[in-house]
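Source file: work27.cif (mmCIF, C-alpha atoms)
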```
data_coords
loop_
_atom_site.label_atom_id
_atom_site.label_comp_id
_atom_site.auth_asym_id
_atom_site.auth_seq_id
_atom_site.Cartn_x
_atom_site.Cartn_y
_atom_site.Cartn_z
CA MET A 112 0.00 0.00 0.00
CA ILE A 113 1.59 3.25 -1.16
CA ARG A 114 0.37 6.70 -0.23
CA SER A 115 -0.40 8.47 -3.50
CA ARG A 116 -1.17 12.08 -4.25
CA ARG A 117 -4.10 12.83 -6.52
CA SER A 118 -4.09 15.05 -9.58
CA ALA A 119 -6.24 18.17 -9.93
CA VAL A 120 -6.46 20.62 -12.80
CA ALA A 121 -7.69 24.18 -12.24
CA LEU A 122 -9.25 25.83 -15.29
CA ARG A 123 -8.34 29.52 -15.03
CA HIS A 124 -9.93 32.36 -17.01
CA VAL A 125 -8.07 35.37 -15.59
CA ALA A 126 -4.77 35.19 -13.76
CA PHE A 127 -5.87 36.83 -10.51
CA GLU A 128 -8.90 34.58 -9.94
CA ASP A 129 -6.95 31.55 -8.81
CA LEU A 130 -7.25 28.93 -6.06
CA GLY A 131 -6.62 31.38 -3.23
CA LEU A 132 -7.56 29.83 0.10
CA LEU A 133 -8.23 26.49 -1.59
CA ALA A 134 -4.56 26.03 -2.53
CA PRO A 135 -3.16 25.25 0.96
CA VAL A 136 -6.11 22.97 1.69
CA MET A 137 -5.41 20.91 -1.41
CA GLU A 138 -1.71 20.70 -0.62
CA ARG A 139 -2.46 19.49 2.89
CA GLU A 140 -5.05 16.98 1.70
CA GLY A 141 -2.68 15.36 -0.80
CA TRP A 142 -3.56 16.95 -4.14
CA ASP A 143 -1.12 18.02 -6.85
CA VAL A 144 -2.62 20.92 -8.77
CA SER A 145 -1.73 22.14 -12.25
CA PHE A 146 -3.28 25.11 -13.99
CA CYS A 147 -4.90 25.14 -17.41
CA GLU A 148 -5.53 28.46 -19.16
CA ALA A 149 -9.06 27.79 -20.39
CA ALA A 150 -8.98 30.24 -23.28
CA VAL A 151 -5.84 28.91 -24.98
CA ASP A 152 -4.97 25.40 -23.77
CA ASP A 153 -6.19 22.15 -25.32
CA LEU A 154 -9.15 21.17 -23.16
CA THR A 155 -9.43 17.79 -24.87
CA HIS A 156 -6.05 16.63 -23.54
CA HIS A 157 -6.30 13.39 -21.58
CA SER A 158 -4.45 14.89 -18.59
CA ILE A 159 -7.35 17.32 -18.17
CA ARG A 160 -10.29 15.11 -19.14
CA SER A 161 -9.10 12.29 -16.86
CA ALA A 162 -7.76 14.28 -13.91
CA ASP A 163 -8.90 13.10 -10.49
CA LEU A 164 -10.50 16.52 -10.00
CA ILE A 165 -11.31 19.51 -12.20
CA ILE A 166 -11.80 22.95 -10.64
CA VAL A 167 -13.46 25.50 -12.91
CA LEU A 168 -12.65 28.98 -11.64
CA GLY A 169 -14.35 32.33 -12.10
CA GLY A 170 -14.07 34.97 -14.79
CA PRO A 171 -15.74 38.18 -16.06
CA ILE A 172 -17.56 36.70 -19.07
CA GLY A 173 -20.92 35.04 -19.58
CA VAL A 174 -21.53 31.40 -20.44
CA TYR A 175 -23.78 32.56 -23.30
CA GLU A 176 -20.99 34.61 -24.96
CA THR A 177 -19.74 31.76 -27.13
CA ASP A 178 -19.61 33.93 -30.27
CA ASP A 179 -17.07 36.23 -28.65
CA TYR A 180 -15.33 33.49 -26.68
CA PRO A 181 -15.48 30.24 -28.72
CA PHE A 182 -13.35 28.34 -26.19
CA LEU A 183 -16.43 28.23 -23.94
CA THR A 184 -17.87 25.56 -26.25
CA SER A 185 -14.87 23.31 -25.61
CA GLU A 186 -15.01 24.04 -21.91
CA LEU A 187 -18.68 23.10 -21.75
CA ALA A 188 -17.94 19.86 -23.60
CA LEU A 189 -15.22 19.02 -21.06
CA ILE A 190 -17.52 19.70 -18.11
CA GLU A 191 -20.36 17.72 -19.69
CA TYR A 192 -17.95 14.81 -20.25
CA ARG A 193 -16.93 14.78 -16.60
CA LEU A 194 -20.37 15.24 -15.09
CA SER A 195 -21.87 12.51 -17.26
CA ARG A 196 -19.24 10.13 -15.87
CA ASN A 197 -19.50 11.20 -12.23
CA LEU A 198 -15.93 12.53 -12.26
CA PRO A 199 -15.18 14.99 -9.43
CA THR A 200 -15.80 18.56 -10.54
CA LEU A 201 -15.90 21.84 -8.60
CA GLY A 202 -17.22 25.02 -10.20
CA ILE A 203 -16.86 28.50 -8.73
CA CYS A 204 -18.84 31.52 -9.99
CA LEU A 205 -18.44 31.28 -13.80
CA GLY A 206 -17.51 27.65 -13.16
CA SER A 207 -20.86 27.01 -11.46
CA GLN A 208 -22.70 28.62 -14.36
CA LEU A 209 -20.79 26.46 -16.85
CA MET A 210 -21.73 23.38 -14.82
CA ALA A 211 -25.39 24.41 -14.86
CA LYS A 212 -25.29 24.92 -18.63
CA ALA A 213 -23.49 21.60 -19.19
CA LEU A 214 -26.31 19.90 -17.28
CA GLY A 215 -28.98 21.50 -19.46
CA GLY A 216 -29.79 24.50 -17.28
CA ARG A 217 -30.44 28.01 -18.58
CA VAL A 218 -27.85 30.70 -17.79
CA PHE A 219 -28.95 34.33 -17.97
CA LYS A 220 -28.33 37.83 -16.63
CA GLY A 221 -29.40 38.11 -13.01
CA PRO A 222 -31.73 40.67 -11.44
CA VAL A 223 -28.89 42.70 -9.87
CA LYS A 224 -25.14 42.93 -9.94
CA GLU A 225 -24.18 41.27 -6.67
CA ILE A 226 -20.72 42.36 -5.50
CA GLY A 227 -19.70 42.35 -1.85
CA TRP A 228 -19.73 40.36 1.34
CA GLY A 229 -22.97 38.78 2.51
CA ARG A 230 -24.75 35.71 3.73
CA VAL A 231 -26.40 32.81 1.97
CA GLN A 232 -29.30 30.77 3.31
CA LEU A 233 -28.75 27.04 3.27
CA THR A 234 -31.47 24.64 2.27
CA GLU A 235 -32.10 21.59 4.41
CA GLU A 236 -29.80 19.63 2.11
CA GLY A 237 -27.23 22.41 2.31
CA MET A 238 -27.17 22.27 6.09
CA SER A 239 -26.20 18.61 5.99
CA SER A 240 -23.64 19.14 3.22
CA CYS A 241 -20.05 20.38 3.28
CA LEU A 242 -21.49 23.92 3.41
CA GLY A 243 -22.96 23.33 6.86
CA SER A 244 -20.64 25.79 8.60
CA LEU A 245 -22.16 28.63 6.55
CA GLN A 246 -25.43 28.43 8.47
CA SER A 247 -23.93 30.43 11.34
CA ASP A 248 -25.38 33.94 11.69
CA ASP A 249 -21.96 35.53 11.24
CA ALA A 250 -20.91 33.42 8.24
CA VAL A 251 -20.38 35.45 5.08
CA VAL A 252 -19.19 34.72 1.55
CA LEU A 253 -17.90 36.97 -1.22
CA HIS A 254 -20.44 37.62 -3.97
CA TRP A 255 -19.09 38.83 -7.31
CA HIS A 256 -21.46 38.04 -10.16
CA GLY A 257 -24.24 39.36 -12.34
CA ASP A 258 -25.47 36.16 -13.99
CA SER A 259 -27.76 33.44 -12.72
CA PHE A 260 -28.98 30.02 -13.79
CA ASP A 261 -31.90 27.65 -13.44
CA LEU A 262 -31.30 24.65 -11.21
CA PRO A 263 -30.45 21.79 -13.59
CA SER A 264 -32.53 18.63 -13.60
CA GLY A 265 -31.13 16.13 -11.14
CA ALA A 266 -29.20 18.76 -9.15
CA THR A 267 -29.79 19.53 -5.47
CA ARG A 268 -30.04 23.18 -4.40
CA LEU A 269 -27.81 23.87 -1.40
CA ALA A 270 -27.99 27.64 -0.91
CA SER A 271 -29.92 30.76 -1.92
CA ASN A 272 -30.22 34.41 -0.97
CA GLU A 273 -32.70 37.22 -1.52
CA ASN A 274 -31.33 38.06 -4.97
CA TYR A 275 -30.43 34.67 -6.39
CA GLU A 276 -32.42 31.50 -5.85
CA ASN A 277 -29.51 29.28 -6.86
CA GLN A 278 -26.30 30.09 -5.02
CA ALA A 279 -24.96 26.54 -4.76
CA PHE A 280 -25.90 23.06 -5.92
CA ALA A 281 -24.64 19.52 -5.82
CA TYR A 282 -24.89 17.02 -8.63
CA GLY A 283 -24.50 13.46 -7.49
CA ASN A 284 -21.81 12.77 -4.91
CA THR A 285 -18.82 14.27 -6.71
CA ALA A 286 -19.86 17.62 -8.21
CA LEU A 287 -20.25 20.92 -6.36
CA ALA A 288 -21.16 24.29 -7.87
CA LEU A 289 -20.72 27.54 -5.91
CA GLN A 290 -22.05 30.80 -7.38
CA PHE A 291 -20.23 32.71 -4.63
CA HIS A 292 -16.54 32.83 -3.74
CA LEU A 293 -15.19 30.91 -0.76
CA GLU A 294 -11.75 30.52 -2.29
CA ALA A 295 -10.97 34.25 -2.58
CA ASP A 296 -8.11 35.11 -0.22
CA PRO A 297 -8.93 38.50 1.34
CA ARG A 298 -5.20 39.31 1.32
CA GLN A 299 -5.10 39.02 -2.47
CA LEU A 300 -8.26 40.95 -3.34
CA GLU A 301 -6.27 44.06 -4.26
CA GLU A 302 -5.64 42.27 -7.56
CA TRP A 303 -9.40 41.84 -8.03
CA TYR A 304 -10.02 45.55 -7.42
CA ILE A 305 -7.57 46.38 -10.20
CA GLY A 306 -8.66 43.65 -12.61
CA HIS A 307 -12.36 44.43 -12.19
CA THR A 308 -12.04 48.22 -11.91
CA VAL A 309 -14.34 48.93 -14.88
CA GLU A 310 -17.02 46.60 -13.54
CA LEU A 311 -16.79 48.11 -10.05
CA ALA A 312 -17.05 51.64 -11.39
CA ALA A 313 -20.04 50.76 -13.58
CA ALA A 314 -21.80 49.13 -10.63
CA LYS A 315 -20.90 52.06 -8.34
CA VAL A 316 -19.33 49.70 -5.81
CA SER A 317 -16.98 51.29 -3.29
CA ILE A 318 -13.52 49.72 -3.37
CA ALA A 319 -12.81 51.24 0.03
CA GLY A 320 -15.95 49.55 1.34
CA LEU A 321 -14.95 46.19 -0.11
CA ARG A 322 -11.48 46.57 1.38
CA ALA A 323 -12.87 47.37 4.84
CA SER A 324 -15.26 44.41 4.73
CA ALA A 325 -12.48 42.08 3.66
CA ARG A 326 -10.40 43.12 6.66
CA ARG A 327 -13.35 42.65 8.99
CA HIS A 328 -14.23 39.16 7.79
CA SER A 329 -10.76 37.86 6.92
CA ASN A 330 -10.02 35.50 9.82
CA ASP A 331 -13.41 33.82 10.20
CA PHE A 332 -13.81 33.58 6.43
CA ALA A 333 -10.53 31.69 6.02
CA ILE A 334 -11.46 29.26 8.78
CA ARG A 335 -14.84 28.48 7.23
CA ALA A 336 -13.39 28.16 3.74
CA ASP A 337 -10.87 25.65 5.04
CA ARG A 338 -13.63 23.66 6.73
CA VAL A 339 -15.89 23.61 3.67
CA PHE A 340 -13.21 22.64 1.19
CA SER A 341 -11.50 20.05 3.37
CA THR A 342 -14.87 18.42 4.10
CA TRP A 343 -15.78 18.28 0.41
CA LEU A 344 -12.39 16.91 -0.61
CA SER A 345 -12.67 14.17 2.00
CA GLN A 346 -16.10 13.26 0.64
CA ILE A 347 -14.85 12.78 -2.91
CA SER A 348 -11.66 10.98 -1.82
CA PRO A 349 -12.30 9.19 1.47
CA SER A 350 -8.91 7.50 1.47
CA ASN A 351 -5.45 8.60 0.40
CA ASP A 352 -4.13 5.05 0.35
CA ILE A 353 -4.09 3.60 -3.14
CA VAL A 354 -2.49 0.42 -4.35
CA ILE A 355 -0.08 1.27 -7.17
CA ARG A 356 0.69 -1.72 -9.35
CA ARG A 357 4.07 -1.68 -11.05
#
```
As structure tokens, please, write out the structure in this file.
Amino acid sequence: MIRSRRSAVALRHVAFEDLGLLAPVMEREGWDVSFCEAAVDDLTHHSIRSADLIIVLGGPIGVYETDDYPFLTSELALIEYRLSRNLPTLGICLGSQLMAKALGGRVFKGPVKEIGWGRVQLTEEGMSSCLGSLQSDDAVVLHWHGDSFDLPSGATRLASNENYENQAFAYGNTALALQFHLEADPRQLEEWYIGHTVELAAAKVSIAGLRASARRHSNDFAIRADRVFSTWLSQISPSNDIVIRR
């Protein structure tokens, strides 16, 4: 019996929206992570299609913008391939919307631009899921999106809020979609403020306000993110001991 590390591929759309707080959790839990630049890399490569885990990160484009961003078609095909085979997949923000679309759900512009720190309300299923620690009254997440989606057939809604009915869902035992950001490291959000400056200005969102909220929530947020991600990773890989045949 040899202790083996598992392979994960993170599909990245913009350089500053990376694994953040998820990175040290994955290192500790025995995952080797490589990055794939979704817009330019070959998404049909076997090392991506067959990875032990795919993480689809966020980005400032819409799932429905395939004319402007043709790579989205290949990305959707990859996600559909994995979900149809029950292969572990985690989607965050744009990633969650791509998962919804790959499962046949409709993705569309939401009722409001939701940017800032706030709560989500867990469903009964969400309370018993890896997101359980978010039910605390002082638990917040980072919202940064303007699109929404219909809950796909066969998916289980885990969280909502007053603006968006679908904030998180599970599909089977190995797929998790989060519309909000739990991975965003508050210490690295200065890069987000620069990268999304046009969006923030258009939405009249105060960068100073975001910065102050990030400082206020930083410690508790990191603890809860660690708990959520480590719980989910343990659920999709209950044992790190694998027999390697030579």
### Task
I would like the residues chosen by the PyMOL selection byres ((chain A and resi 119) around 10) on the shown file; could you give them as JSON, numbers by chain?
{"A": [116, 117, 118, 120, 121, 122, 137, 142, 143, 144, 145, 146, 158, 159, 161, 162, 163, 164, 165, 166, 199, 200]}
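For the file shown, the residue list from the PyMOL selection byres ((chain A and resi 275-278) around 8) reads Gly221, Pro222, Val231, Ser259, Phe260, Asp261, Leu262, Arg268, Leu269, Ala270, Ser271, Asn272, Glu273, Asn274, Ala279, Phe280, Leu289, Gln290 and Phe291 of chain A.
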### Task
Could you jot down the CA of Gly202 (chain A) to CA of Ala286 (chain A) separation for me, Å, one decimal place?
8.1 Å
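The closest residue to Val125 (chain A), picked from A:Gly243, A:Pro181, A:Gly320, A:Gly170 and counting all atoms listed in the file, is A:Gly170.
You will find CA of Leu311 (chain A) at 18.6 Å from CA of Arg326 (chain A).
Comparing A:Ala266, A:Ala211, A:Val251, A:Ala134 by their smallest distance to Ala281 (chain A), the closest is A:Ala266 (using all atoms listed in the file).
You can rank A:Ser115, A:Arg217, A:Thr267, A:Ala314 by their closest distance to Leu233 (chain A) using all atoms listed in the file, and at the top of that list sits A:Thr267.
Applied to the shown file, the PyMOL selection byres ((chain A and resi 228) around 9) selects the residues Ile226, Gly227, Gly229, Arg230, Val251, Val252, Leu253, His254, Trp255, Leu321, Ser324, Ala325 and His328 of chain A.
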Within 8 Å of Ser244 (chain A), counting all atoms listed in the file, which residues qualify if same-chain residues fewer than 4 places away don't, as a compact mmCIF listing (two decimals) with C-alpha atoms, keeping the file's coordinate frame?
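Here's the written file selection04.txt:
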```txt
# COMPACT_ATOMS: atom_id res chain seq x y z
CA MET A 238 -27.17 22.27 6.09
CA ALA A 250 -20.91 33.42 8.24
CA ARG A 335 -14.84 28.48 7.23
CA ARG A 338 -13.63 23.66 6.73
CA VAL A 339 -15.89 23.61 3.67
```
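Nearest to Ser240 (chain A) of all the residues A:Leu194, A:Leu201, A:Leu287, A:Ala319 is A:Leu287, based on all atoms listed in the file.
Residue nearest Ser195 (chain A) within the list A:Ala150, A:Gln232, A:Leu214, A:Glu138: A:Leu214 [criterion: smallest interatomic distance, all atoms listed in the file].
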### Task
Calculate how many Å separate CA of Ala213 (chain A) from CA of Leu154 (chain A), rounding to one decimal.
14.9 Å
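Ranking A:Val223, A:Leu242, A:Ala288, A:Ala295 by their shortest atom-to-atom distance to Ile190 (chain A), with all atoms listed in the file included, puts A:Ala288 first.
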### Query
Mind listing as a list in words all residues within 6 Å of (-14.8, 13.2, -4.2), counting all atoms listed in the file?
Pro199, Thr285, Leu344, Gln346, Ile347 and Ser348 of chain A
